[in-house]
$ cat my_file.tsv   # TSV, C-alpha atoms and all ligand atoms
chain	number	residue	atom	x	y	z
A	1	MET	CA	4.63	31.82	-24.24
A	2	THR	CA	6.62	29.08	-22.57
A	3	ALA	CA	4.82	26.12	-21.14
A	4	SER	CA	4.80	26.10	-17.38
A	5	PRO	CA	6.58	23.14	-15.84
A	6	PRO	CA	4.34	20.29	-14.76
A	7	ALA	CA	3.15	20.57	-11.19
A	8	PRO	CA	5.37	18.51	-8.89
A	9	GLU	CA	3.66	15.30	-7.94
A	10	ALA	CA	3.41	14.21	-4.36
A	11	PRO	CA	6.41	11.94	-3.66
A	12	ALA	CA	5.48	8.30	-4.11
A	13	ALA	CA	5.27	6.37	-0.88
A	14	ALA	CA	8.05	3.89	-0.20
A	15	ILE	CA	5.51	1.55	1.35
A	16	GLU	CA	1.76	1.49	1.48
A	17	ALA	CA	-0.46	-0.99	3.30
A	18	ARG	CA	-4.22	-1.28	3.14
A	19	GLY	CA	-6.72	-3.27	5.15
A	20	LEU	CA	-4.17	-5.60	6.71
A	21	THR	CA	-5.85	-8.29	8.76
A	22	LYS	CA	-4.25	-11.26	10.47
A	23	ARG	CA	-5.87	-13.93	12.60
A	24	PHE	CA	-4.30	-16.61	14.73
A	25	GLY	CA	-7.13	-19.08	15.26
A	26	ASP	CA	-9.95	-17.09	16.83
A	27	ARG	CA	-7.69	-14.25	17.80
A	28	VAL	CA	-7.57	-11.23	15.53
A	29	ALA	CA	-4.01	-9.97	15.90
A	30	LEU	CA	-4.48	-7.22	13.34
A	31	ALA	CA	-7.75	-5.81	12.04
A	32	ASP	CA	-7.94	-3.69	8.89
A	33	VAL	CA	-4.77	-1.67	9.46
A	34	GLY	CA	-3.41	0.64	6.79
A	35	PHE	CA	-0.80	3.38	6.44
A	36	ALA	CA	1.76	4.76	4.04
A	37	ALA	CA	5.30	6.01	4.60
A	38	ALA	CA	7.44	8.27	2.43
A	39	PRO	CA	11.09	7.76	1.48
A	40	GLY	CA	13.34	8.70	4.38
A	41	GLU	CA	10.47	8.87	6.83
A	42	LEU	CA	10.81	7.57	10.38
A	43	LEU	CA	7.58	5.99	11.54
A	44	ALA	CA	7.08	4.54	15.02
A	45	VAL	CA	4.51	1.84	15.67
A	46	ILE	CA	3.48	2.12	19.29
A	47	GLY	CA	0.91	0.41	21.49
A	48	PRO	CA	0.54	-1.88	24.49
A	49	ASN	CA	1.87	-5.44	24.59
A	50	GLY	CA	-0.12	-7.68	22.31
A	51	ALA	CA	-1.29	-4.74	20.20
A	52	GLY	CA	-0.16	-6.39	16.97
A	53	LYS	CA	3.07	-4.46	16.36
A	54	THR	CA	5.25	-7.48	15.65
A	55	THR	CA	2.47	-9.05	13.61
A	56	LEU	CA	2.28	-5.91	11.46
A	57	LEU	CA	6.04	-5.91	10.86
A	58	SER	CA	6.05	-9.61	10.00
A	59	LEU	CA	3.36	-9.00	7.36
A	60	LEU	CA	5.25	-6.01	5.95
A	61	ALA	CA	8.41	-8.12	5.85
A	62	GLY	CA	6.60	-10.83	3.89
A	63	ILE	CA	7.32	-13.42	6.57
A	64	ARG	CA	3.62	-14.00	7.16
A	65	GLU	CA	0.73	-13.79	4.74
A	66	PRO	CA	-2.13	-11.48	5.72
A	67	ASP	CA	-5.65	-12.96	5.78
A	68	ALA	CA	-6.78	-9.81	4.02
A	69	GLY	CA	-5.26	-6.59	2.75
A	70	GLU	CA	-2.42	-5.60	0.52
A	71	ILE	CA	1.07	-4.16	0.68
A	72	HIS	CA	2.66	-2.07	-2.04
A	73	LEU	CA	6.38	-1.48	-2.30
A	74	PRO	CA	6.86	0.75	-5.31
A	75	ARG	CA	10.53	1.46	-4.61
A	76	GLY	CA	12.02	-1.88	-3.77
A	77	GLU	CA	12.51	-4.34	-1.04
A	78	VAL	CA	12.01	-4.49	2.68
A	79	GLY	CA	14.70	-5.34	5.23
A	80	PHE	CA	13.63	-6.75	8.57
A	81	VAL	CA	15.45	-6.84	11.90
A	82	PRO	CA	13.42	-9.06	14.22
A	83	GLN	CA	13.36	-8.45	17.95
A	84	GLN	CA	15.30	-11.63	18.64
A	85	ALA	CA	17.75	-11.30	15.79
A	86	ALA	CA	20.34	-14.03	16.10
A	87	LEU	CA	24.03	-13.81	15.40
A	88	TYR	CA	26.25	-16.85	15.68
A	89	ARG	CA	28.00	-16.03	18.92
A	90	ARG	CA	31.00	-18.28	18.30
A	91	LEU	CA	31.61	-16.95	14.80
A	92	THR	CA	33.55	-13.75	14.38
A	93	VAL	CA	31.95	-10.51	13.28
A	94	ALA	CA	33.33	-10.93	9.74
A	95	GLU	CA	32.24	-14.60	9.61
A	96	ASN	CA	28.70	-13.66	10.59
A	97	LEU	CA	28.57	-10.96	7.93
A	98	ARG	CA	29.99	-13.33	5.31
A	99	LEU	CA	27.42	-15.99	6.20
A	100	PHE	CA	24.46	-13.63	5.89
A	101	ALA	CA	25.87	-12.07	2.71
A	102	ARG	CA	26.00	-15.58	1.21
A	103	LEU	CA	22.45	-16.34	2.35
A	104	GLU	CA	21.33	-13.11	0.70
A	105	ARG	CA	23.19	-14.24	-2.47
A	106	VAL	CA	24.92	-10.92	-3.00
A	107	ASP	CA	27.28	-10.80	-6.01
A	108	ASP	CA	30.39	-9.63	-4.21
A	109	VAL	CA	30.49	-11.28	-0.79
A	110	GLU	CA	33.86	-9.92	0.37
A	111	GLY	CA	33.11	-6.40	-0.87
A	112	THR	CA	29.78	-6.52	0.91
A	113	VAL	CA	31.40	-7.66	4.15
A	114	GLU	CA	33.84	-4.75	3.96
A	115	ARG	CA	31.02	-2.31	3.29
A	116	MET	CA	29.06	-3.63	6.27
A	117	LEU	CA	32.10	-3.38	8.54
A	118	GLY	CA	32.43	0.25	7.48
A	119	GLN	CA	28.72	0.87	7.95
A	120	THR	CA	28.72	-0.52	11.49
A	121	GLY	CA	32.04	1.06	12.44
A	122	LEU	CA	33.14	-2.39	13.62
A	123	GLY	CA	36.12	-2.92	11.31
A	124	GLU	CA	38.48	-3.24	14.27
A	125	ARG	CA	36.31	-5.92	15.82
A	126	ARG	CA	36.10	-8.04	12.68
A	127	ASP	CA	37.99	-11.00	14.15
A	128	ASP	CA	36.25	-10.94	17.54
A	129	GLN	CA	33.55	-13.48	18.32
A	130	ALA	CA	30.15	-11.85	17.94
A	131	GLY	CA	29.18	-13.03	21.43
A	132	THR	CA	31.84	-10.79	22.95
A	133	LEU	CA	30.32	-7.58	21.52
A	134	SER	CA	28.08	-5.28	23.52
A	135	GLY	CA	24.34	-5.47	22.90
A	136	GLY	CA	24.54	-2.17	21.04
A	137	ASN	CA	27.23	-3.39	18.68
A	138	GLN	CA	25.39	-6.68	18.10
A	139	GLN	CA	22.32	-4.68	17.20
A	140	ARG	CA	24.31	-2.65	14.69
A	141	ILE	CA	25.36	-5.88	13.02
A	142	ASN	CA	21.76	-7.07	12.97
A	143	ILE	CA	20.75	-3.84	11.28
A	144	ALA	CA	23.59	-4.13	8.77
A	145	ILE	CA	22.27	-7.62	7.96
A	146	GLY	CA	18.78	-6.18	7.56
A	147	LEU	CA	20.28	-3.72	5.08
A	148	LEU	CA	22.01	-6.37	2.96
A	149	SER	CA	19.47	-6.21	0.18
A	150	SER	CA	19.72	-2.38	0.10
A	151	PRO	CA	16.04	-2.17	1.01
A	152	ALA	CA	13.92	0.93	0.46
A	153	VAL	CA	12.22	0.23	3.77
A	154	LEU	CA	13.85	-1.03	6.96
A	155	LEU	CA	11.69	-2.60	9.68
A	156	LEU	CA	13.06	-2.67	13.23
A	157	ASP	CA	11.16	-4.56	15.91
A	158	GLU	CA	11.94	-3.09	19.36
A	159	PRO	CA	15.48	-2.20	18.25
A	160	SER	CA	16.67	-0.65	21.49
A	161	THR	CA	15.35	-3.20	23.98
A	162	GLY	CA	18.10	-4.22	26.36
A	163	LEU	CA	20.49	-1.43	25.40
A	164	ASP	CA	21.88	1.05	27.89
A	165	PRO	CA	21.34	4.78	27.25
A	166	ARG	CA	24.68	5.33	25.54
A	167	GLN	CA	24.22	2.30	23.27
A	168	ARG	CA	20.75	3.55	22.46
A	169	GLY	CA	22.08	6.94	21.53
A	170	ARG	CA	24.59	5.42	19.14
A	171	LEU	CA	21.99	3.09	17.65
A	172	TRP	CA	19.71	6.01	16.92
A	173	GLU	CA	22.54	8.00	15.41
A	174	PHE	CA	23.04	5.12	12.99
A	175	VAL	CA	19.32	4.81	12.22
A	176	LEU	CA	18.82	8.55	11.76
A	177	ALA	CA	21.72	8.65	9.30
A	178	LEU	CA	20.08	5.86	7.29
A	179	ALA	CA	16.82	7.73	7.15
A	180	GLY	CA	18.74	10.85	6.20
A	181	ARG	CA	20.00	9.00	3.14
A	182	GLY	CA	16.46	8.09	2.11
A	183	THR	CA	15.72	4.74	3.74
A	184	THR	CA	12.23	4.59	5.21
A	185	VAL	CA	12.50	3.29	8.77
A	186	ILE	CA	9.54	1.74	10.56
A	187	PHE	CA	10.26	0.77	14.15
A	188	THR	CA	8.23	-0.53	17.04
A	189	THR	CA	8.91	0.50	20.59
A	190	HIS	CA	7.25	0.38	23.96
A	191	ASP	CA	9.42	3.28	25.03
A	192	ILE	CA	7.14	6.20	24.30
A	193	SER	CA	9.86	8.79	24.81
A	194	GLU	CA	11.85	7.13	22.04
A	195	ALA	CA	8.96	7.49	19.61
A	196	GLU	CA	8.58	11.10	20.68
A	197	ARG	CA	12.24	11.76	20.14
A	198	TYR	CA	12.95	10.02	16.87
A	199	ALA	CA	9.75	9.40	14.95
A	200	GLU	CA	8.28	11.91	12.55
A	201	ARG	CA	4.98	10.09	12.74
A	202	VAL	CA	3.41	7.48	14.96
A	203	LEU	CA	0.98	4.71	14.19
A	204	VAL	CA	-0.89	3.64	17.30
A	205	LEU	CA	-2.13	0.07	17.58
A	206	ALA	CA	-4.16	-1.47	20.39
A	207	ASP	CA	-5.78	-4.91	20.33
A	208	GLY	CA	-5.05	-5.17	16.63
A	209	GLN	CA	-6.82	-1.92	15.77
A	210	GLY	CA	-5.14	1.07	14.18
A	211	LEU	CA	-6.23	3.91	16.49
A	212	PHE	CA	-4.17	6.80	15.21
A	213	ASP	CA	-1.79	7.84	12.45
A	214	GLY	CA	-0.18	11.28	12.68
A	215	THR	CA	2.51	13.38	14.32
A	216	ILE	CA	3.35	13.35	18.01
A	217	GLY	CA	1.86	16.83	18.31
A	218	GLU	CA	-1.38	15.68	16.72
A	219	LEU	CA	-1.56	12.67	19.03
A	220	HIS	CA	-0.95	14.92	22.01
A	221	ALA	CA	-3.76	17.18	20.83
A	222	ALA	CA	-6.08	14.19	20.34
A	223	ALA	CA	-5.62	13.05	23.96
A	224	PRO	CA	-7.94	14.32	26.68
A	225	ALA	CA	-6.33	17.07	28.75
A	226	GLY	CA	-4.57	16.07	31.95
A	227	GLY	CA	-3.35	17.98	34.98
A	228	ALA	CA	-0.33	20.27	34.77
A	229	GLU	CA	1.95	17.56	36.16
A	230	SER	CA	0.87	15.08	33.45
A	231	SER	CA	1.37	17.19	30.35
A	232	ASP	CA	4.15	14.95	29.05
A	233	PHE	CA	3.61	12.82	25.98
A	234	GLU	CA	3.64	9.48	27.78
A	235	SER	CA	0.80	10.55	30.11
A	236	ALA	CA	-1.10	11.96	27.14
A	237	PHE	CA	-0.66	8.65	25.34
A	238	VAL	CA	-2.00	6.70	28.32
A	239	ARG	CA	-5.04	9.02	28.46
A	240	PHE	CA	-5.53	8.62	24.72
A	241	LEU	CA	-5.61	4.81	25.05
A	242	ALA	CA	-7.84	4.90	28.13
A	243	GLU	CA	-10.36	7.14	26.43
A	244	ARG	CA	-10.61	4.60	23.63
A	245	GLY	CA	-11.08	1.74	26.06
A	246	HIS	CA	-7.53	0.32	26.09
A	301	LIG	N1	2.23	-17.03	16.18
A	301	LIG	C1	1.19	-16.66	16.92
A	301	LIG	N2	0.24	-17.54	17.25
A	301	LIG	C2	-0.85	-17.17	17.98
A	301	LIG	N3	-1.06	-15.93	18.43
A	301	LIG	C3	-0.15	-15.00	18.12
A	301	LIG	C4	1.02	-15.31	17.37
A	301	LIG	N4	1.74	-14.17	17.22
A	301	LIG	C5	1.07	-13.21	17.87
A	301	LIG	N5	-0.08	-13.71	18.41
A	301	LIG	C6	-1.07	-12.93	19.15
A	301	LIG	O1	-1.41	-11.81	18.36
A	301	LIG	C7	-1.54	-10.65	19.17
A	301	LIG	C8	-0.56	-9.58	18.70
A	301	LIG	O2	0.75	-10.01	19.02
A	301	LIG	P1	2.05	-9.19	18.63
A	301	LIG	O3	1.95	-8.79	17.21
A	301	LIG	O4	3.22	-9.99	19.02
A	301	LIG	O5	1.90	-7.91	19.55
A	301	LIG	P2	2.98	-6.80	20.01
A	301	LIG	O6	4.19	-6.99	19.16
A	301	LIG	O7	2.29	-5.50	19.81
A	301	LIG	O8	3.24	-7.04	21.46
A	301	LIG	C9	-1.31	-11.09	20.60
A	301	LIG	O9	-2.56	-11.36	21.18
A	301	LIG	C10	-0.52	-12.37	20.44
A	301	LIG	O10	-0.76	-13.23	21.52
A	302	MG	MG	6.19	-7.31	19.61

$ encode --input "my_file.tsv" --output "structure tokens" --more "lines below"
Ligand SMILES: Nc1ncnc2c1ncn2[C@@H]1O[C@H](COP(=O)(O)OP(=O)(O)O)[C@@H](O)[C@H]1O
Ligand SMILES: [Mg+2]
Amino acid sequence: MTASPPAPEAPAAAIEARGLTKRFGDRVALADVGFAAAPGELLAVIGPNGAGKTTLLSLLAGIREPDAGEIHLPRGEVGFVPQQAALYRRLTVAENLRLFARLERVDDVEGTVERMLGQTGLGERRDDQAGTLSGGNQQRINIAIGLLSSPAVLLLDEPSTGLDPRQRGRLWEFVLALAGRGTTVIFTTHDISEAERYAERVLVLADGQGLFDGTIGELHAAAPAGGAESSDFESAFVRFLAERGH
């Protein structure tokens, strides 16, 4: 008799957080929040202003220390694209990429710059000042910088804020392709339709509390029923928050 192959194990999470708590003085910005995300998963963190979304990402990125809780990264590093990511407007596209590649201490700076130009599709703009690029193209450069360390997990804080619909579409094409190649992408947004469209799962925060972790369909089902004209996800989300006192 031949031995049966070992049962496949559940895929290891790319990132796992438990009990994350962060205080600023008396204010609890994040209270006992946990989740896990698989390789290649797209997870949206949604919630009202001040919910703790940026605080969560800054803890995951290792920029801030949590007051309690732990973060596990079994597969490698985290890349972070902050909401106010800054390029040097007077430097060219290539000069910006070179600068950040040096800061990241990559082995092959010029090779890395070429790879990033390919990745962003901005090779033809390499000698243009970064300040002359559209918001969408600047955001692609910011994401390429966030990807410099070839992270297993990419964190994007409000990545599409300020972009027009076409720029958004192209940004998401880029992000979806990354996830398709196995990068876990965790993004925050206050545009609920964007979470509905692109996220496989949503983590809902309000006043620092983790209220929900599941699929859009599950969140919809968890919301109190509304009238026929308010069956869309955004209305359901508002009812979900209201029912929980937010
Ligand atoms: N550096 C800080 N100092 C003091 N309070 C902060 C700081 N950063 C965030 N907060 C507070 O923590 C809470 C969560 O903020 P934040 O994570 O930025 O929320 P979100 O990104 O969901 O809008 C808010 O009440 C905010 O005022
Ligand atoms: Mg924020």

$ axis_aligned_box --input "my_file.tsv" --around "range 11-25 of chain A" --padding-each-side "5 Å" --output "lines of an AutoDock Vina configuration file"
center_x = 0.5
center_y = -3.6
center_z = 5.6
size_x = 25.2
size_y = 41.0
size_z = 29.4

$ residues_near_ligand --input "my_file.tsv" --ligand "ligand LIG 301 (chain A)" --cutoff "8 Å" --atoms "all atoms listed in the file" --output "list of chain:residue names"
A:Arg23, A:Phe24, A:Gly25, A:Arg27, A:Val28, A:Ala29, A:Leu30, A:Ile46, A:Gly47, A:Pro48, A:Asn49, A:Gly50, A:Ala51, A:Gly52, A:Lys53, A:Thr54, A:Thr55, A:Leu56, A:Thr188, A:Leu205, A:Ala206, A:Asp207, A:Gly208

$ residues_around --input "my_file.tsv" --residues "range 84-93 of chain A" --least-positions-apart "6" --cutoff "10 Å" --atoms "all atoms listed in the file" --output "number ranges by chain"
A: 99-100, 113, 117, 122-133, 138-139, 141-143, 145-146, 157-159, 161

$ residues_near_point --input "my_file.tsv" --point "(-8.2, 12.0, 25.6)" --cutoff "9 Å" --atoms "only C-alpha atoms" --output "list in words"
His220, Ala221, Ala222, Ala223, Pro224, Ala225, Gly226, Ala236, Phe237, Val238, Arg239, Phe240, Leu241, Ala242, Glu243 and Arg244 of chain A

$ residues_around --input "my_file.tsv" --residues "His72 in chain A" --least-positions-apart "6" --cutoff "9 Å" --atoms "all atoms listed in the file" --output "ChimeraX atom specification"
/A:13-18

$ residues_around --input "my_file.tsv" --residues "Trp172 in chain A" --least-positions-apart "5" --cutoff "10 Å" --atoms "all atoms listed in the file" --output "PDB file with C-alpha atoms, in the frame of the given file"
ATOM      1  CA  PRO A 159      15.480  -2.200  18.250  1.00  0.00           C
ATOM      2  CA  SER A 160      16.670  -0.650  21.490  1.00  0.00           C
ATOM      3  CA  ARG A 166      24.680   5.330  25.540  1.00  0.00           C
ATOM      4  CA  GLN A 167      24.220   2.300  23.270  1.00  0.00           C
ATOM      5  CA  ALA A 177      21.720   8.650   9.300  1.00  0.00           C
ATOM      6  CA  LEU A 178      20.080   5.860   7.290  1.00  0.00           C
ATOM      7  CA  GLU A 194      11.850   7.130  22.040  1.00  0.00           C
ATOM      8  CA  ARG A 197      12.240  11.760  20.140  1.00  0.00           C
ATOM      9  CA  TYR A 198      12.950  10.020  16.870  1.00  0.00           C
TER      10      TYR A 198
END

$ residues_near_point --input "my_file.tsv" --point "(8.8, 5.0, 17.4)" --cutoff "6 Å" --atoms "all atoms listed in the file" --output "list of chain:residue names"
A:Ala44, A:Val45, A:Phe187, A:Thr188, A:Thr189, A:Glu194, A:Ala195, A:Ala199

$ atom_distance --input "my_file.tsv" --atom1 "CA of Glu95 in chain A" --atom2 "CA of Asp164 in chain A"
26.2 Å

$ closest_residue --input "my_file.tsv" --among "A:Val81, A:Ala144, A:Thr21, A:Leu42" --to "Gly214 in chain A" --atoms "all atoms listed in the file"
A:Leu42

$ atom_distance --input "my_file.tsv" --atom1 "CA of Thr112 in chain A" --atom2 "CA of Leu148 in chain A"
8.0 Å

$ atom_distance --input "my_file.tsv" --atom1 "CA of Arg98 in chain A" --atom2 "CA of Glu110 in chain A"
7.1 Å

$ closest_residue --input "my_file.tsv" --among "A:Asn96, A:Ser58, A:Thr183, A:Thr215" --to "ligand MG 302 (chain A)" --atoms "all atoms listed in the file"
A:Ser58

$ closest_residue --input "my_file.tsv" --among "A:Asp26, A:Ser149, A:His190, A:Gln119" --to "ligand MG 302 (chain A)" --atoms "all atoms listed in the file"
A:His190

$ closest_residue --input "my_file.tsv" --among "A:Leu147, A:Val78, A:Leu57, A:Val153" --to "ligand MG 302 (chain A)" --atoms "all atoms listed in the file"
A:Leu57

$ closest_residue --input "my_file.tsv" --among "A:Gly69, A:Leu156, A:Gly76, A:Leu43" --to "ligand MG 302 (chain A)" --atoms "only C-alpha atoms and all ligand atoms"
A:Leu156

$ closest_residue --input "my_file.tsv" --among "A:Gly135, A:Pro66, A:Gly34, A:Gly40" --to "Val204 in chain A" --atoms "only C-alpha atoms"
A:Gly34

$ decode --input "my_file.tsv" --residues "range 21-52 of chain A" --atoms "C-alpha atoms" --output "short mmCIF file (atom, residue, chain, number, x, y, z; two decimals), in the first residue's frame"
data_model
loop_
_atom_site.label_atom_id
_atom_site.label_comp_id
_atom_site.auth_asym_id
_atom_site.auth_seq_id
_atom_site.Cartn_x
_atom_site.Cartn_y
_atom_site.Cartn_z
CA THR A 21 -3.57 48.57 20.87
CA LYS A 22 -2.28 52.11 20.47
CA ARG A 23 -2.89 55.12 22.68
CA PHE A 24 -2.07 58.75 22.10
CA GLY A 25 -2.24 60.25 25.58
CA ASP A 26 -5.72 59.48 26.87
CA ARG A 27 -7.04 58.67 23.44
CA VAL A 28 -7.20 55.04 22.41
CA ALA A 29 -6.61 55.14 18.67
CA LEU A 30 -6.69 51.36 18.33
CA ALA A 31 -8.09 48.85 20.80
CA ASP A 32 -7.29 45.15 20.62
CA VAL A 33 -7.44 44.79 16.84
CA GLY A 34 -6.38 41.60 15.11
CA PHE A 35 -6.58 40.01 11.68
CA ALA A 36 -4.62 37.85 9.27
CA ALA A 37 -4.16 38.09 5.51
CA ALA A 38 -3.06 35.43 3.04
CA PRO A 39 -0.49 35.80 0.25
CA GLY A 40 -2.01 37.66 -2.68
CA GLU A 41 -5.05 38.73 -0.71
CA LEU A 42 -6.54 42.21 -1.09
CA LEU A 43 -7.84 43.47 2.23
CA ALA A 44 -9.58 46.82 2.66
CA VAL A 45 -9.58 48.62 5.98
CA ILE A 46 -12.66 50.81 6.08
CA GLY A 47 -14.30 53.03 8.68
CA PRO A 48 -15.16 56.64 9.46
CA ASN A 49 -12.54 59.38 9.86
CA GLY A 50 -10.57 58.89 13.04
CA ALA A 51 -11.38 55.17 13.14
CA GLY A 52 -7.72 54.21 13.49
#
